[in-house]
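Novice: Next up is a structure, given as structure tokens.
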Amino acid sequence: MKRKTFIRLGGTLMATPFLSPVISLAGQAPLQNWAGNLTYSTANVQYPATVAEVQQLIKKHGKLKALGTRHCFNRIADSKDDLLSTKELNKVVSIDKKAMTVTVEGGIKYGELAPYLHKEGYALHNLASLPHISVAGSITTATHGSGVKNGNLASAVTALEVVVADGSIVHFSKAADPEKFNAVVVGLGAIGVITKVTLAIEPTYMMRQRVFLKLPMAQVKQHFEAIVSAGYSVSLFTDWQNDYVNEVWIKSRMTEKDHDGPEFYGAQAATKNLHPIYDHPAESCTDQLGVPGPWYERLPHFKMGFTPSSGKELQSEYFVPIKHAVAAIEAIAKLGRQVGPHLFITEIRTIAADSLWMSPCHNQTSVTIHFTWKPETEAVTKLLPVIEKALAPFNARPHWGKVFTLDPKVLASRYEKIADFKKVVAEYDPHGKFRNAFLEHNIYGG
């Protein structure tokens with residue numbers, strides 16, 4: 001295996017608890033997340049290609065963090081000591097046709113796995129809005145996708161292989177020990193390094209998507225449940241500057257109703273492919289206008305071969321119980337003038353309840369309000385507490401991989417199993433090898 005050599009960057013000045021300025025060292029580009037808002041606190045990165053190498057590295061280092069595809073906007077995967085990238089652990093291990101599962105290495109991207117599954121005649125139940133993310137990184141942060149009846153990506157997991165703090169391999173199974181399994185799947189990087197994941201699969205399917213423009217907000221308030229249930233996966237995009245939702249994206253299986261009429265609850269059917277941010281070119285987006293395609297080319301908003309979303313941006317997202325959806329939307333709408341100047345777009349979507357302890361959808365089907373911000377760190381830092389206060393009556397839970405400022409005590413009060421989660425963490429990492437500043441503050445600071 002070809003080894004890569006990095007120079008330690010030393011201390012990094014942090015602008016906020018979750019953002020940092022871009023720095024340079026002797027002309028060498030620093031290690032950053034994909035959006036460029038975060039510079040990692042070390043450039044000491046190891047790239048193991050086998051589970052045995054993962055074990056050796058974990059035994060060797062006193063402090064270590066696993067690093068996926070670097071799509072998080074905060075420091076959940078950061079370390080000031082050493083990072084272990086799962087980039088080279090990217091293979092399909094096996095398909096079990098009888099059990100209807102696929103086992104993969106943790107570093108494989110959904111955009112790599114999905115075409116393989118489709119070719120073999122299989123599919124996953126859900127995908128995120130971009131396929132560029134790794135399986136292990138996605139499930140450990142409860143990254144989700146969309147659909148009233150669709151659980152997040154982690155809800156497809158049936159088994160995990162994890163290398164824990166002493167270098168040993170531990171297997172967790174939904175069938176063998178559901179209690180422990182529910183504790184570790186959304187593990188926030190605190191349990192160990194995920195080396196293999198087994199996912200539930202189903203027969204492959206075809207889909208289409210249609211986009212509608214200017215859905216009156218009055219219709220959203222009156223018919224929210226019907227609107228978000230109109231397809232297999234539905235997303236509402238708004239900038240909060242008008243009394244309508246800018247775009248409605250309806251993704252349907254070919255066996256479901258096709259919304260091929262000229263309007264949808266007063267919204268007008270689009271006549272060309274669109275980007276969620278209306279004035280951005282749509283070439284990076286998956287095909288619309290009802291054109292049939294395989295599930296993995298319709299469930300994401302963005303194609304694998306392109307830079308997704310706007311590229312340089314910040315992201316925040318909050319989950320509230322679906323029963324509070326309209327009230328939460330109204331609360332944010334009142335902040336439209338404050339939010340608008342700093343926002344690219346907001347996406348509103350739904351995710352089914354799950355049983356995973358640290359998932360924001362634990363025991364509650366949720367609506368999420370997702371903010372794609374312009375890369376304006378100072379303004380966003382000031383806005384987040386305002387948004388979090390507006391959503392406080394609904395006990396909003398933040399996305400673990402996106403920026404938020406909730407007090408750890410408040411965060412702890414919204415996760416009923418957090419004390420039990422910490423006990424499981426202590427069992428497998430008693431000396432805090434995988435702890436970092438993010439975990440110390442958000443999980444252990446409450």
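Simple scheme: letters A, B, ... for chains in structure tokens order, numbers from 1 for residues in each chain, numbers from 1 for ligands in the order shown.
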Skipping near chain neighbours, those fewer than 4 positions away, what residues fall within 10 Å of A:Asp354 using only C-alpha atoms, listed as a list in words?

Specialist: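 The residues satisfying every condition are Asn150, Gly151, Asn152, Ala154, Ser155, Asn182, Ser359, Pro360, Cys361, His362, Asn363, Gln364 and Thr365 of chain A.
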
Novice: Keeping all heavy atoms for every residue in the selection just given, could you write it to a file as a tab-separated table (two decimals), in the first residue's frame?

Specialist:
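Contents of selection-v1.tsv, freshly written:
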```tsv
chain	number	residue	atom	x	y	z
A	150	ASN	N	-39.86	6.26	5.82
A	150	ASN	CA	-38.48	5.81	5.63
A	150	ASN	C	-37.61	6.19	6.82
A	150	ASN	O	-37.45	7.37	7.12
A	150	ASN	CB	-37.88	6.43	4.36
A	150	ASN	CG	-38.69	6.10	3.12
A	150	ASN	OD1	-39.32	5.06	3.04
A	150	ASN	ND2	-38.66	7.00	2.15
A	151	GLY	N	-37.02	5.20	7.46
A	151	GLY	CA	-36.07	5.48	8.52
A	151	GLY	C	-34.77	6.01	7.94
A	151	GLY	O	-34.51	5.92	6.73
A	152	ASN	N	-33.92	6.60	8.80
A	152	ASN	CA	-32.66	7.13	8.32
A	152	ASN	C	-31.73	6.02	7.85
A	152	ASN	O	-32.06	4.84	7.94
A	152	ASN	CB	-32.01	8.02	9.40
A	152	ASN	CG	-31.63	7.25	10.65
A	152	ASN	OD1	-31.30	6.07	10.61
A	152	ASN	ND2	-31.67	7.92	11.78
A	154	ALA	N	-29.09	4.77	9.05
A	154	ALA	CA	-28.67	3.85	10.11
A	154	ALA	C	-29.72	2.80	10.41
A	154	ALA	O	-29.41	1.72	10.92
A	154	ALA	CB	-28.35	4.64	11.39
A	155	SER	N	-30.98	3.08	10.08
A	155	SER	CA	-32.05	2.12	10.37
A	155	SER	C	-31.98	0.89	9.47
A	155	SER	O	-32.66	-0.11	9.72
A	155	SER	CB	-33.43	2.79	10.24
A	155	SER	OG	-33.71	3.12	8.90
A	182	ASN	N	-28.70	-1.18	19.52
A	182	ASN	CA	-29.32	0.14	19.45
A	182	ASN	C	-28.44	1.22	20.08
A	182	ASN	O	-28.56	2.40	19.75
A	182	ASN	CB	-30.68	0.12	20.14
A	182	ASN	CG	-31.74	-0.59	19.31
A	182	ASN	OD1	-31.64	-0.67	18.09
A	182	ASN	ND2	-32.76	-1.12	19.98
A	359	SER	N	-29.99	8.48	17.93
A	359	SER	CA	-30.56	9.04	16.70
A	359	SER	C	-31.52	10.17	17.04
A	359	SER	O	-32.31	10.05	17.97
A	359	SER	CB	-31.32	7.96	15.93
A	359	SER	OG	-32.13	8.54	14.92
A	360	PRO	N	-31.48	11.28	16.31
A	360	PRO	CA	-32.47	12.35	16.53
A	360	PRO	C	-33.90	11.90	16.28
A	360	PRO	O	-34.84	12.56	16.71
A	360	PRO	CB	-32.05	13.43	15.52
A	360	PRO	CG	-30.61	13.19	15.27
A	360	PRO	CD	-30.46	11.69	15.31
A	361	CYS	N	-34.06	10.75	15.61
A	361	CYS	CA	-35.40	10.20	15.36
A	361	CYS	C	-35.74	9.06	16.31
A	361	CYS	O	-36.70	8.32	16.08
A	361	CYS	CB	-35.51	9.72	13.91
A	361	CYS	SG	-35.39	11.04	12.70
A	362	HIS	N	-34.97	8.93	17.39
A	362	HIS	CA	-35.25	7.88	18.37
A	362	HIS	C	-36.67	8.03	18.91
A	362	HIS	O	-37.03	9.05	19.51
A	362	HIS	CB	-34.25	7.96	19.52
A	362	HIS	CG	-34.48	6.92	20.58
A	362	HIS	ND1	-34.88	7.24	21.86
A	362	HIS	CD2	-34.38	5.58	20.55
A	362	HIS	CE1	-35.00	6.14	22.58
A	362	HIS	NE2	-34.70	5.12	21.81
A	363	ASN	N	-37.48	7.04	18.65
A	363	ASN	CA	-38.87	6.96	19.15
A	363	ASN	C	-39.76	8.10	18.64
A	363	ASN	O	-40.82	8.35	19.23
A	363	ASN	CB	-38.91	6.93	20.67
A	363	ASN	CG	-38.45	5.60	21.24
A	363	ASN	OD1	-38.34	4.61	20.51
A	363	ASN	ND2	-38.16	5.56	22.52
A	364	GLN	N	-39.37	8.79	17.58
A	364	GLN	CA	-40.25	9.85	17.06
A	364	GLN	C	-40.05	10.06	15.56
A	364	GLN	O	-38.95	10.28	15.09
A	364	GLN	CB	-40.00	11.18	17.79
A	364	GLN	CG	-38.64	11.80	17.58
A	364	GLN	CD	-38.45	13.14	18.29
A	364	GLN	OE1	-38.94	13.33	19.40
A	364	GLN	NE2	-37.74	14.06	17.66
A	365	THR	N	-41.13	9.91	14.81
A	365	THR	CA	-41.10	10.34	13.42
A	365	THR	C	-40.93	11.85	13.44
A	365	THR	O	-41.59	12.55	14.20
A	365	THR	CB	-42.38	9.93	12.69
A	365	THR	OG1	-42.43	8.50	12.64
A	365	THR	CG2	-42.42	10.47	11.27
```

Novice: Which of stretch 148-345 of chain A end up as helix (DSSP H, G or I) when DSSP is run on this backbone - answer as a VMD selection string?

Specialist: chain A and resid 153 to 156 178 to 184 217 to 228 295 to 297 322 to 333 336 to 342

Novice: When you count only C-alpha atoms, which of these residues is closest to A:Val54: A:Leu335, A:Val193, A:Val135, A:Leu67?

Specialist: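 Result for the nearest residue to A:Val54: A:Val193.
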
Novice: To one decimal place in Å, what is the distance between atom CA of A:Ile332 and atom CA of A:Phe73?

Specialist: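 That distance, rounded to one decimal, is 21.5 Å.
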
Novice: I'd like the neighbourhood of stretch 213-228 of chain A as a ChimeraX atom specification, where a residue qualifies if any of its atoms comes within 12 Å (using only C-alpha atoms), though same-chain residues fewer than 5 positions away should be ignored.

Specialist: /A:146-150,233-252,259,262-276,278,322-330,333,348-351,366-368

Novice: Could you pull out the strand (DSSP E or B) residues of stretch 88-270 of chain A, going by DSSP on the backbone, and write them as a PyMOL selection string?

Specialist: chain A and resi 92-96+101-105+109+122-123+134+147+157-163+169-173+193-200+202-203+206-216+233-238+244-253+263-264+267-269

Novice: Counting only C-alpha atoms, which residues in stretch 366-422 of chain A sit no more than 8 Å from stretch 437-442 of chain A? For each one, give the nearest pair of atoms and the distance in Å, sorted by chain then residue number, as CSV.

Specialist:
```
residue,atom,partner,partner_atom,distance
A:Asp407,CA,A:Asn442,CA,7.7
A:Pro408,CA,A:Asn442,CA,4.9
A:Leu411,CA,A:Asn442,CA,7.4
```

Novice: What is the distance between atom CA of A:Lys312 and atom CA of A:Pro115, in Å to one decimal?

Specialist: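 It comes out at 27.4 Å.
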
Novice: Excluding same-chain residues fewer than 3 positions from A:Ala392, what lies within 12 Å of it counting only C-alpha atoms, as an mmCIF file with N, CA, C and O atoms, in the first residue's frame?

Specialist:
```
data_model
loop_
_atom_site.group_PDB
_atom_site.id
_atom_site.type_symbol
_atom_site.label_atom_id
_atom_site.label_comp_id
_atom_site.auth_asym_id
_atom_site.auth_seq_id
_atom_site.Cartn_x
_atom_site.Cartn_y
_atom_site.Cartn_z
ATOM 1 N N TYR A 318 -32.253 20.724 12.332
ATOM 2 C CA TYR A 318 -32.938 20.426 13.586
ATOM 3 C C TYR A 318 -34.129 19.512 13.337
ATOM 4 O O TYR A 318 -34.896 19.707 12.398
ATOM 5 N N PHE A 319 -34.271 18.513 14.207
ATOM 6 C CA PHE A 319 -35.332 17.520 14.128
ATOM 7 C C PHE A 319 -36.384 17.837 15.189
ATOM 8 O O PHE A 319 -36.049 17.970 16.378
ATOM 9 N N VAL A 320 -37.636 17.899 14.791
ATOM 10 C CA VAL A 320 -38.725 18.067 15.751
ATOM 11 C C VAL A 320 -39.771 17.003 15.478
ATOM 12 O O VAL A 320 -39.912 16.540 14.338
ATOM 13 N N PRO A 321 -40.517 16.567 16.499
ATOM 14 C CA PRO A 321 -41.579 15.578 16.272
ATOM 15 C C PRO A 321 -42.542 16.067 15.199
ATOM 16 O O PRO A 321 -42.893 17.248 15.160
ATOM 17 N N HIS A 324 -45.397 18.501 15.608
ATOM 18 C CA HIS A 324 -45.119 19.929 15.770
ATOM 19 C C HIS A 324 -44.645 20.585 14.471
ATOM 20 O O HIS A 324 -44.162 21.728 14.502
ATOM 21 N N ALA A 327 -46.149 24.117 13.497
ATOM 22 C CA ALA A 327 -45.774 25.132 14.482
ATOM 23 C C ALA A 327 -44.292 25.482 14.366
ATOM 24 O O ALA A 327 -43.904 26.652 14.483
ATOM 25 N N ALA A 328 -43.444 24.476 14.126
ATOM 26 C CA ALA A 328 -42.013 24.734 13.986
ATOM 27 C C ALA A 328 -41.724 25.541 12.720
ATOM 28 O O ALA A 328 -40.904 26.467 12.727
ATOM 29 N N ALA A 331 -42.633 29.079 13.350
ATOM 30 C CA ALA A 331 -41.655 29.731 14.225
ATOM 31 C C ALA A 331 -40.450 30.227 13.434
ATOM 32 O O ALA A 331 -39.938 31.327 13.674
ATOM 33 N N ILE A 332 -39.990 29.425 12.479
ATOM 34 C CA ILE A 332 -38.845 29.842 11.669
ATOM 35 C C ILE A 332 -39.255 30.897 10.650
ATOM 36 O O ILE A 332 -38.488 31.840 10.358
ATOM 37 N N LEU A 384 -27.704 30.969 15.129
ATOM 38 C CA LEU A 384 -28.077 29.643 15.627
ATOM 39 C C LEU A 384 -28.785 29.673 16.979
ATOM 40 O O LEU A 384 -29.809 29.005 17.154
ATOM 41 N N PRO A 385 -28.307 30.434 17.981
ATOM 42 C CA PRO A 385 -29.040 30.480 19.247
ATOM 43 C C PRO A 385 -30.461 31.031 19.089
ATOM 44 O O PRO A 385 -31.368 30.630 19.824
ATOM 45 N N VAL A 386 -30.644 31.951 18.157
ATOM 46 C CA VAL A 386 -31.975 32.512 17.903
ATOM 47 C C VAL A 386 -32.899 31.432 17.347
ATOM 48 O O VAL A 386 -34.051 31.286 17.773
ATOM 49 N N ILE A 387 -32.388 30.660 16.412
ATOM 50 C CA ILE A 387 -33.163 29.568 15.818
ATOM 51 C C ILE A 387 -33.449 28.492 16.863
ATOM 52 O O ILE A 387 -34.574 27.984 16.969
ATOM 53 N N GLU A 388 -32.446 28.156 17.647
ATOM 54 C CA GLU A 388 -32.614 27.117 18.667
ATOM 55 C C GLU A 388 -33.620 27.537 19.727
ATOM 56 O O GLU A 388 -34.395 26.709 20.231
ATOM 57 N N LYS A 389 -33.659 28.815 20.057
ATOM 58 C CA LYS A 389 -34.657 29.321 21.001
ATOM 59 C C LYS A 389 -36.060 29.214 20.411
ATOM 60 O O LYS A 389 -37.013 28.818 21.106
ATOM 61 N N ASN A 395 -38.582 20.782 21.581
ATOM 62 C CA ASN A 395 -37.477 19.905 21.970
ATOM 63 C C ASN A 395 -36.648 19.457 20.763
ATOM 64 O O ASN A 395 -36.358 18.273 20.584
ATOM 65 N N ALA A 396 -36.279 20.395 19.935
ATOM 66 C CA ALA A 396 -35.535 20.096 18.713
ATOM 67 C C ALA A 396 -34.192 19.444 19.026
ATOM 68 O O ALA A 396 -33.480 19.856 19.937
ATOM 69 N N ARG A 397 -33.881 18.420 18.260
ATOM 70 C CA ARG A 397 -32.592 17.739 18.354
ATOM 71 C C ARG A 397 -31.767 18.095 17.120
ATOM 72 O O ARG A 397 -32.261 18.001 16.003
ATOM 73 N N PRO A 398 -30.510 18.478 17.274
ATOM 74 C CA PRO A 398 -29.690 18.855 16.110
ATOM 75 C C PRO A 398 -29.113 17.640 15.405
ATOM 76 O O PRO A 398 -28.953 16.571 16.004
ATOM 77 N N LEU A 406 -26.456 24.350 20.975
ATOM 78 C CA LEU A 406 -27.255 23.987 22.148
ATOM 79 C C LEU A 406 -26.362 23.650 23.341
ATOM 80 O O LEU A 406 -25.336 22.988 23.202
ATOM 81 N N ASP A 407 -26.794 24.101 24.506
ATOM 82 C CA ASP A 407 -26.081 23.784 25.741
ATOM 83 C C ASP A 407 -26.106 22.265 25.971
ATOM 84 O O ASP A 407 -27.124 21.615 25.745
ATOM 85 N N VAL A 410 -29.056 20.939 27.914
ATOM 86 C CA VAL A 410 -30.286 20.915 27.114
ATOM 87 C C VAL A 410 -30.261 19.726 26.165
ATOM 88 O O VAL A 410 -31.255 18.993 26.024
ATOM 89 N N LEU A 411 -29.132 19.504 25.538
ATOM 90 C CA LEU A 411 -28.983 18.387 24.617
ATOM 91 C C LEU A 411 -29.233 17.063 25.343
ATOM 92 O O LEU A 411 -29.976 16.200 24.844
ATOM 93 N N SER A 413 -31.014 16.527 27.949
ATOM 94 C CA SER A 413 -32.415 16.385 28.352
ATOM 95 C C SER A 413 -33.299 15.880 27.220
ATOM 96 O O SER A 413 -34.405 15.399 27.457
ATOM 97 N N ARG A 414 -32.813 15.955 26.004
ATOM 98 C CA ARG A 414 -33.609 15.547 24.843
ATOM 99 C C ARG A 414 -33.270 14.146 24.353
ATOM 100 O O ARG A 414 -33.830 13.687 23.361
#
```

Novice: How many Å separate atom CA of A:Lys196 from atom CA of A:Pro300?

Specialist: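 Atom CA of A:Pro300 lies at a distance of 23.3 Å from atom CA of A:Lys196.
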